[in-house]
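The block underneath contains the structure these notes are about, expressed in structure tokens.
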Amino acid sequence: MNIGVLAVQGDFAEHCHVLRSIGANSTEVRLPEHLHGLDGLIIPGGESTTLSRLMSLYNLREPVAEMASSGKAVWGTCAGMIMLAAEITEEDPIPLAVMDVGVQRNAFGRQVDSFEQDLKIKGLGSDPYHAIFIRAPVIIRVGAGVEVLSSLEDGRPVAVREGNLLATAFHPELTADTRIHRYFVEMAGGPPLDEGAPLIETPRVRGRLAQE
Amino acid sequence: MVAEILTGTFTVKSGHAQMLKGGVIMDVVNAEQARIAQEAGAVAVMALERVPADIRADGGVARMSDPSMIADIIDSVSIPVMAKCRIGHFVEAQILQAMGVDYVDESEVLTPADEMHHVWKHDFTVPFVCGCRDLGEALRRISEGAAMIRTKGEAGTGDVVEAVRHMRAVQDAIRKLQNMPDDELVVEARDLRVSLDLLQQTREEGRMPVVNFAAGGVATPADAALMMQLGADGVFVGSGIFKSGDPASRGHAIVQAVTHYNDPQILAEVSRDLGEPMVGRSVRELDASELLATRSV
């Protein structure tokens with residue numbers, strides 16, 4: 001099992017770290033040739049305008065869109081979700097338009113409005129999932145073939161799946177809970193998600209520093 | 001189920017810095033420059049009235065920028081906007097937070113307001129980035145609540161030598177820590193004036209516990225890639241872009257150099273035909289009184 005992580009900008013190292021911790025190989029993708037032989041691809045959190053420009057510049061748009069339409073598993077987190085969308089509310093950046101959803105960038109305000117919240121997510125068992133939203137986008141239109149896996153209390157979807165495509169408005173790579181990565185690895189043809197498996201701590205970002 | 005919504009936690013503050021990694025944060029003095037920076041691929045802009053090279057040339061007291069100028073920049077781009085407050089000036093920080101800036105840089109580039117104390121950053125919802133010259137300074141800032149660190153370098157010079165010195169100092173200290181037996185850690189914590197807990201965490205992770213960018217003297221794509229190869233998570237470029245002959249091209253080239261920092265072929269390609277770099281001043285020619293990095297450590 002080899003999962004690519006788009007590494008032109010953003011927190012790709014965090015995704016690679018979680019993938020390694022659950023026994024999947026990861027490959028950093030900066031150029032089109034790095035996409036060969038991958039079982040799936042993650043577009044990480046980052047700055048979507050920067051991701052969009054660098055994907056254009058290094059001819060990554062077409063091969064990534066092709067990968068998505070060929071049935072390979074592709075997952076976008078936050079900025080990655082913006083890149084997968086069919087349309088966004090602004091003219092810039094230009095998304096890849098592979099997933100039948102509409103997305104609004106910075107839907108909750110500025111950084112001071114970034115938040116953490118427990119979510120109920122379909123397919124991950126009964127335990128709540130602690131989600132981290134950072135200058136997060138939200139889904140404002142859901143196409144006919146798109147399944148909503150989780151929504152906020154006001155009804156706005158924040159996790160969706162359309163066949164081989166997965167999108168989350170929050171950052172599973174910043175938490176110790178590996179369930180969504182396991183879910184994605186299963187989508188990519190890996191072993192099925194074991195809901196009873198212990199959560200493996202990812203030591204990149206932890207609460208120990210916090211005075212909260 | 002009514003889920004509790006938490007804002008301003010250390011997780012969302014330090015998590016934001018994670019999203020900036022592998023990117024370039026550019027100093028801008030007006031909305032037009034901010035748009036050029038965004039177009040060039042910057043992950044964020046630092047809004048300030050004068051870039052460090054001009055602060056250096058003008059002398060006098062350097063303070064927080066006029067809020068209306070910061071607000072103009074916030075309105076003109078969709079990428080995050082950072083702004084600087086003076087070291088220890090917690091009211092400037094309160095004002096910047098109230099304006100909705102995405103990150104506050106408690107910066108030695110401005111004239112310090114307090115030579116003894118830094119801002120107690122845990123009290124804020126907005127995250128802070130602070131400068132450091134070595135690991136001890138970084139961990140002291142983190143214990144005060146900094147959610148991101150940048151090595152200081154020497155701002156406004158275009159001379160990368162101090163940025164290299166500070167990044168090497170941080171990385172050397174971490175390598176030393178990883179080889180240190182448990183019983184020597186207490187003395188190391190005392191010498192660095194940091195908590196044992198934070199030092200142990202740094203040793204376990206084998207890296208700075210928050211995102212660490214390089215700053216202070218980066219002027220070319222090669223400088224930026226050098227800092228990345230030395231272990232930076234990303235790069236701040238202050239005077240180096242908008243004090244150069246062709247800011248749009250140079251900014252765009254530095255963005256690419258940070259992504260492809262390990263690919264000399266691409267670095268050679270993006271380094272071509274960028275026009276004049278900023279003129280710069282060698283750090284060796286500066287008087288001790290002109291050094292910014294030694295302020296309030």
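Labels used: A, B, ... for chains in the order of the structure tokens, numbers from 1 for residues in each chain, and numbers from 1 for ligands as shown.
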Report the closest atom pair, with its distance in Å rounded to one decimal, for each residue of chain A that has an atom no farther than 7 Å from chain B; count only C-alpha atoms, sort by chain and then rising residue number, and write it as a Markdown table.
| residue | atom | partner | partner_atom | distance |
| --- | --- | --- | --- | --- |
| A:Val8 | CA | B:Thr259 | CA | 5.3 |
| A:Gln9 | CA | B:Gly22 | CA | 4.7 |
| A:Gly10 | CA | B:Met19 | CA | 4.8 |
| A:Asp11 | CA | B:Met19 | CA | 5.4 |
| A:Gly45 | CA | B:Met19 | CA | 5.7 |
| A:Gly46 | CA | B:Met19 | CA | 4.2 |
| A:Glu47 | CA | B:Val43 | CA | 5.6 |
| A:Thr49 | CA | B:Gly41 | CA | 6.8 |
| A:Thr50 | CA | B:Gly41 | CA | 4.7 |
| A:Arg53 | CA | B:Gly41 | CA | 6.5 |
| A:Arg110 | CA | B:Asp102 | CA | 6.3 |
| A:Gln111 | CA | B:Asp102 | CA | 4.9 |
| A:Val112 | CA | B:Val126 | CA | 5.2 |
| A:Asp113 | CA | B:Thr7 | CA | 6.3 |
| A:Ser114 | CA | B:Thr7 | CA | 5.9 |
| A:Phe115 | CA | B:Thr7 | CA | 4.4 |
| A:Glu116 | CA | B:Leu6 | CA | 5.1 |
| A:Gln117 | CA | B:Ile5 | CA | 5.0 |
| A:Asp118 | CA | B:Ala3 | CA | 5.7 |
| A:Ile132 | CA | B:Val12 | CA | 6.8 |
| A:Ile134 | CA | B:His16 | CA | 6.1 |
| A:Pro203 | CA | B:Glu205 | CA | 7.0 |
| A:Gly207 | CA | B:Thr11 | CA | 6.8 |
| A:Ala210 | CA | B:Phe10 | CA | 5.3 |
| A:Glu212 | CA | B:Thr9 | CA | 7.0 |
The selected residues should be written to file as an mmCIF file, in the first residue's frame (atoms: N, CA, C and O atoms).
data_model
loop_
_atom_site.group_PDB
_atom_site.id
_atom_site.type_symbol
_atom_site.label_atom_id
_atom_site.label_comp_id
_atom_site.auth_asym_id
_atom_site.auth_seq_id
_atom_site.Cartn_x
_atom_site.Cartn_y
_atom_site.Cartn_z
ATOM 1 N N VAL A 8 3.615 20.019 -2.417
ATOM 2 C CA VAL A 8 4.084 21.306 -2.952
ATOM 3 C C VAL A 8 4.043 22.392 -1.883
ATOM 4 O O VAL A 8 4.799 23.357 -1.921
ATOM 5 N N GLN A 9 3.158 22.237 -0.903
ATOM 6 C CA GLN A 9 3.082 23.165 0.240
ATOM 7 C C GLN A 9 2.059 22.600 1.218
ATOM 8 O O GLN A 9 1.161 21.869 0.816
ATOM 9 N N GLY A 10 2.222 22.944 2.516
ATOM 10 C CA GLY A 10 1.213 22.546 3.499
ATOM 11 C C GLY A 10 1.741 21.521 4.488
ATOM 12 O O GLY A 10 2.948 21.296 4.590
ATOM 13 N N ASP A 11 0.805 20.880 5.218
ATOM 14 C CA ASP A 11 1.250 19.976 6.293
ATOM 15 C C ASP A 11 1.319 18.527 5.807
ATOM 16 O O ASP A 11 0.828 17.611 6.465
ATOM 17 N N GLY A 45 -3.747 19.891 4.023
ATOM 18 C CA GLY A 45 -4.041 21.261 4.387
ATOM 19 C C GLY A 45 -2.887 22.146 3.975
ATOM 20 O O GLY A 45 -1.749 21.696 3.885
ATOM 21 N N GLY A 46 -3.194 23.414 3.742
ATOM 22 C CA GLY A 46 -2.170 24.359 3.321
ATOM 23 C C GLY A 46 -2.877 25.626 2.913
ATOM 24 O O GLY A 46 -3.991 25.884 3.365
ATOM 25 N N GLU A 47 -2.261 26.401 2.058
ATOM 26 C CA GLU A 47 -2.903 27.614 1.551
ATOM 27 C C GLU A 47 -3.379 27.309 0.136
ATOM 28 O O GLU A 47 -2.573 27.058 -0.750
ATOM 29 N N THR A 49 -4.589 28.962 -2.385
ATOM 30 C CA THR A 49 -4.116 29.750 -3.535
ATOM 31 C C THR A 49 -2.698 29.307 -3.929
ATOM 32 O O THR A 49 -2.374 29.222 -5.111
ATOM 33 N N THR A 50 -1.871 29.009 -2.925
ATOM 34 C CA THR A 50 -0.509 28.559 -3.207
ATOM 35 C C THR A 50 -0.525 27.173 -3.846
ATOM 36 O O THR A 50 0.162 26.933 -4.845
ATOM 37 N N ARG A 53 -1.636 27.433 -7.504
ATOM 38 C CA ARG A 53 -0.613 27.972 -8.412
ATOM 39 C C ARG A 53 0.498 26.961 -8.676
ATOM 40 O O ARG A 53 0.942 26.794 -9.811
ATOM 41 N N ARG A 110 -11.880 34.512 10.433
ATOM 42 C CA ARG A 110 -10.428 34.566 10.394
ATOM 43 C C ARG A 110 -9.841 33.579 11.400
ATOM 44 O O ARG A 110 -10.565 32.810 12.031
ATOM 45 N N GLN A 111 -8.498 33.616 11.578
ATOM 46 C CA GLN A 111 -7.852 32.632 12.443
ATOM 47 C C GLN A 111 -8.418 32.634 13.868
ATOM 48 O O GLN A 111 -8.546 31.584 14.490
ATOM 49 N N VAL A 112 -8.767 33.804 14.410
ATOM 50 C CA VAL A 112 -9.297 33.845 15.784
ATOM 51 C C VAL A 112 -10.597 33.050 15.912
ATOM 52 O O VAL A 112 -11.023 32.714 17.018
ATOM 53 N N ASP A 113 -11.252 32.756 14.774
ATOM 54 C CA ASP A 113 -12.488 31.970 14.791
ATOM 55 C C ASP A 113 -12.248 30.474 14.540
ATOM 56 O O ASP A 113 -13.203 29.693 14.510
ATOM 57 N N SER A 114 -10.994 30.077 14.321
ATOM 58 C CA SER A 114 -10.680 28.655 14.162
ATOM 59 C C SER A 114 -11.069 27.912 15.433
ATOM 60 O O SER A 114 -11.006 28.472 16.526
ATOM 61 N N PHE A 115 -11.485 26.623 15.301
ATOM 62 C CA PHE A 115 -12.048 25.951 16.465
ATOM 63 C C PHE A 115 -11.830 24.442 16.435
ATOM 64 O O PHE A 115 -11.443 23.876 15.412
ATOM 65 N N GLU A 116 -12.062 23.835 17.603
ATOM 66 C CA GLU A 116 -12.070 22.375 17.739
ATOM 67 C C GLU A 116 -13.468 21.957 18.174
ATOM 68 O O GLU A 116 -14.092 22.648 18.978
ATOM 69 N N GLN A 117 -13.917 20.811 17.691
ATOM 70 C CA GLN A 117 -15.261 20.346 18.053
ATOM 71 C C GLN A 117 -15.376 18.838 17.814
ATOM 72 O O GLN A 117 -14.791 18.308 16.874
ATOM 73 N N ASP A 118 -16.110 18.161 18.674
ATOM 74 C CA ASP A 118 -16.384 16.739 18.463
ATOM 75 C C ASP A 118 -17.463 16.562 17.400
ATOM 76 O O ASP A 118 -18.463 17.278 17.411
ATOM 77 N N ILE A 132 -10.439 19.373 14.122
ATOM 78 C CA ILE A 132 -9.764 20.669 14.228
ATOM 79 C C ILE A 132 -10.004 21.450 12.938
ATOM 80 O O ILE A 132 -9.626 21.007 11.856
ATOM 81 N N ILE A 134 -9.313 24.900 10.938
ATOM 82 C CA ILE A 134 -8.412 26.052 10.900
ATOM 83 C C ILE A 134 -8.691 26.882 9.653
ATOM 84 O O ILE A 134 -8.461 26.418 8.538
ATOM 85 N N PRO A 203 2.843 12.276 17.550
ATOM 86 C CA PRO A 203 3.373 13.253 18.484
ATOM 87 C C PRO A 203 3.680 14.625 17.895
ATOM 88 O O PRO A 203 4.300 15.429 18.540
ATOM 89 N N GLY A 207 -1.295 18.323 23.143
ATOM 90 C CA GLY A 207 -1.826 19.265 24.112
ATOM 91 C C GLY A 207 -0.863 19.605 25.237
ATOM 92 O O GLY A 207 -1.136 20.490 26.023
ATOM 93 N N ALA A 210 0.026 23.130 25.840
ATOM 94 C CA ALA A 210 -1.063 24.076 26.023
ATOM 95 C C ALA A 210 -1.346 24.312 27.498
ATOM 96 O O ALA A 210 -1.244 23.414 28.319
ATOM 97 N N GLU A 212 -4.317 24.889 28.812
ATOM 98 C CA GLU A 212 -5.763 25.004 28.601
ATOM 99 C C GLU A 212 -6.494 23.896 29.335
ATOM 100 O O GLU A 212 -5.907 22.915 29.712
#
* Asked: Counting only C-alpha atoms, what is within 8 Å of segment 91-108 of chain A, bar same-chain residues fewer than 5 positions away, as number ranges by chain?
  -> A: 48-49, 52-53, 61, 65, 68-69, 82-86, 113-114, 135-146, 162, 165
* Non-local contacts of Arg175 of chain B (9 Å; only C-alpha atoms; under 4 positions in same chain excluded) as a list of chain:residue names -> B:Val170, B:Gln171, B:Asn179, B:Met180, B:Arg203, B:Gly206, B:Arg207
Please dump the current selection as a PDB file, in the first residue's frame; keep C-alpha atoms.
ATOM      1  CA  VAL B 170      18.849  25.372  16.925  1.00  0.00           C
ATOM      2  CA  GLN B 171      19.493  22.134  15.029  1.00  0.00           C
ATOM      3  CA  ASN B 179      22.334  12.168  22.658  1.00  0.00           C
ATOM      4  CA  MET B 180      22.106  13.473  26.208  1.00  0.00           C
ATOM      5  CA  ARG B 203      14.132  15.525  22.787  1.00  0.00           C
ATOM      6  CA  GLY B 206      13.679  15.369  17.777  1.00  0.00           C
ATOM      7  CA  ARG B 207      12.551  18.766  16.564  1.00  0.00           C
TER       8      ARG B 207
END
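Secondary structure of segment 159-249 of chain B, strand (DSSP E) only (DSSP, backbone atoms): Val211, Asn212, Phe213, Ala214, Val235, Phe236 and Val237 of chain B.
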* To do: Excluding Asn164 of chain A and any residue of its chain fewer than 2 positions from it, enumerate the residues within 7 Å of it, using only C-alpha atoms, and give them as a ChimeraX atom specification.
  => /A:71-74,162,166,187
* Asked: Could you pull the residues within 12 Å of Gly158 of chain B, counting only C-alpha atoms, minus those fewer than 3 positions along the same chain, as an MDAnalysis selection string?
  -> chainID B and resid 51:53 153:155 161:163 215:220 223:224 237:244 277:283
* To do: If you run DSSP over the backbone, which residues in segment 22-230 of chain B end up alpha helix (DSSP H)? Put them as a PyMOL selection string.
  => chain B and resi 31-40+52-58+67-76+90-99+135-143+161-178+182-192+196-205+221-229
* To do: Measure the distance from atom CA of Leu110 of chain B to atom CA of Ala57 of chain B in Å and round it to one decimal.
  => 13.2 Å
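Taking atom CA of His89 of chain B and atom CA of Lys152 of chain B as the two end points, the separation is 18.7 Å.
Within 9 Å of Val185 of chain A, once only C-alpha atoms are used and residues closer than 2 positions along the same chain are dropped, the contacting residues are Met1, Ile3, Leu19, Ala24, Asp39, Gly40, Ala73, Ile180, His181, Arg182, Tyr183, Met187, Ala188, Gly189, Gly190, Pro191, Pro192 and Leu193 of chain A.
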Only N, CA, C and O atoms, please: the residues just picked out, written as a PDB file, in the first residue's frame.
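In the end it all went to selection.pdb:
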ATOM      1  N   MET A   1       0.850  -1.205   0.000  1.00  0.00           N
ATOM      2  CA  MET A   1       0.000   0.000   0.000  1.00  0.00           C
ATOM      3  C   MET A   1       0.881   1.249   0.000  1.00  0.00           C
ATOM      4  O   MET A   1       1.671   1.463   0.900  1.00  0.00           O
ATOM      5  N   ILE A   3       0.599   5.375  -0.486  1.00  0.00           N
ATOM      6  CA  ILE A   3      -0.269   6.542  -0.626  1.00  0.00           C
ATOM      7  C   ILE A   3       0.601   7.761  -0.904  1.00  0.00           C
ATOM      8  O   ILE A   3       1.539   8.053  -0.153  1.00  0.00           O
ATOM      9  N   LEU A  19       0.286   8.119   8.170  1.00  0.00           N
ATOM     10  CA  LEU A  19       0.244   6.932   7.288  1.00  0.00           C
ATOM     11  C   LEU A  19       1.277   5.903   7.737  1.00  0.00           C
ATOM     12  O   LEU A  19       0.974   4.708   7.828  1.00  0.00           O
ATOM     13  N   ALA A  24       1.125   2.138   6.417  1.00  0.00           N
ATOM     14  CA  ALA A  24       1.063   2.401   4.972  1.00  0.00           C
ATOM     15  C   ALA A  24       2.309   3.185   4.559  1.00  0.00           C
ATOM     16  O   ALA A  24       2.797   4.024   5.315  1.00  0.00           O
ATOM     17  N   ASP A  39      -1.371   4.012  -4.880  1.00  0.00           N
ATOM     18  CA  ASP A  39      -2.693   3.444  -4.662  1.00  0.00           C
ATOM     19  C   ASP A  39      -3.724   4.503  -4.306  1.00  0.00           C
ATOM     20  O   ASP A  39      -4.924   4.256  -4.330  1.00  0.00           O
ATOM     21  N   GLY A  40      -3.246   5.679  -3.918  1.00  0.00           N
ATOM     22  CA  GLY A  40      -4.158   6.751  -3.550  1.00  0.00           C
ATOM     23  C   GLY A  40      -3.367   8.028  -3.375  1.00  0.00           C
ATOM     24  O   GLY A  40      -2.129   8.014  -3.376  1.00  0.00           O
ATOM     25  N   ALA A  73      -8.315   6.225  -5.142  1.00  0.00           N
ATOM     26  CA  ALA A  73      -8.794   6.970  -3.977  1.00  0.00           C
ATOM     27  C   ALA A  73      -8.039   8.304  -3.855  1.00  0.00           C
ATOM     28  O   ALA A  73      -6.813   8.330  -3.923  1.00  0.00           O
ATOM     29  N   ILE A 180      -9.741   8.194  10.415  1.00  0.00           N
ATOM     30  CA  ILE A 180     -10.070   8.621   9.046  1.00  0.00           C
ATOM     31  C   ILE A 180      -8.964   8.192   8.077  1.00  0.00           C
ATOM     32  O   ILE A 180      -9.241   7.814   6.934  1.00  0.00           O
ATOM     33  N   HIS A 181      -7.718   8.212   8.537  1.00  0.00           N
ATOM     34  CA  HIS A 181      -6.638   7.702   7.678  1.00  0.00           C
ATOM     35  C   HIS A 181      -6.833   6.202   7.390  1.00  0.00           C
ATOM     36  O   HIS A 181      -6.610   5.743   6.277  1.00  0.00           O
ATOM     37  N   ARG A 182      -7.272   5.454   8.403  1.00  0.00           N
ATOM     38  CA  ARG A 182      -7.536   4.022   8.195  1.00  0.00           C
ATOM     39  C   ARG A 182      -8.696   3.824   7.217  1.00  0.00           C
ATOM     40  O   ARG A 182      -8.656   2.938   6.361  1.00  0.00           O
ATOM     41  N   TYR A 183      -9.710   4.672   7.382  1.00  0.00           N
ATOM     42  CA  TYR A 183     -10.871   4.633   6.484  1.00  0.00           C
ATOM     43  C   TYR A 183     -10.415   4.876   5.047  1.00  0.00           C
ATOM     44  O   TYR A 183     -10.822   4.180   4.110  1.00  0.00           O
ATOM     45  N   MET A 187     -10.362   2.615   1.574  1.00  0.00           N
ATOM     46  CA  MET A 187     -10.869   3.077   0.272  1.00  0.00           C
ATOM     47  C   MET A 187      -9.864   2.821  -0.848  1.00  0.00           C
ATOM     48  O   MET A 187     -10.227   2.566  -1.993  1.00  0.00           O
ATOM     49  N   ALA A 188      -8.563   2.943  -0.498  1.00  0.00           N
ATOM     50  CA  ALA A 188      -7.497   2.773  -1.495  1.00  0.00           C
ATOM     51  C   ALA A 188      -7.162   1.306  -1.737  1.00  0.00           C
ATOM     52  O   ALA A 188      -6.237   0.997  -2.485  1.00  0.00           O
ATOM     53  N   GLY A 189      -7.898   0.385  -1.089  1.00  0.00           N
ATOM     54  CA  GLY A 189      -7.675  -1.039  -1.314  1.00  0.00           C
ATOM     55  C   GLY A 189      -6.901  -1.729  -0.207  1.00  0.00           C
ATOM     56  O   GLY A 189      -6.521  -2.884  -0.335  1.00  0.00           O
ATOM     57  N   GLY A 190      -6.671  -1.030   0.875  1.00  0.00           N
ATOM     58  CA  GLY A 190      -5.948  -1.591   2.005  1.00  0.00           C
ATOM     59  C   GLY A 190      -6.868  -2.391   2.909  1.00  0.00           C
ATOM     60  O   GLY A 190      -8.048  -2.592   2.605  1.00  0.00           O
ATOM     61  N   PRO A 191      -6.333  -2.842   4.056  1.00  0.00           N
ATOM     62  CA  PRO A 191      -7.132  -3.641   4.986  1.00  0.00           C
ATOM     63  C   PRO A 191      -8.314  -2.830   5.536  1.00  0.00           C
ATOM     64  O   PRO A 191      -8.227  -1.617   5.660  1.00  0.00           O
ATOM     65  N   PRO A 192      -9.426  -3.527   5.854  1.00  0.00           N
ATOM     66  CA  PRO A 192     -10.598  -2.798   6.352  1.00  0.00           C
ATOM     67  C   PRO A 192     -10.322  -2.126   7.699  1.00  0.00           C
ATOM     68  O   PRO A 192      -9.518  -2.594   8.489  1.00  0.00           O
ATOM     69  N   LEU A 193     -11.007  -1.017   7.908  1.00  0.00           N
ATOM     70  CA  LEU A 193     -10.907  -0.272   9.152  1.00  0.00           C
ATOM     71  C   LEU A 193     -11.391  -1.121  10.319  1.00  0.00           C
ATOM     72  O   LEU A 193     -12.501  -1.642  10.288  1.00  0.00           O
TER      73      LEU A 193
END
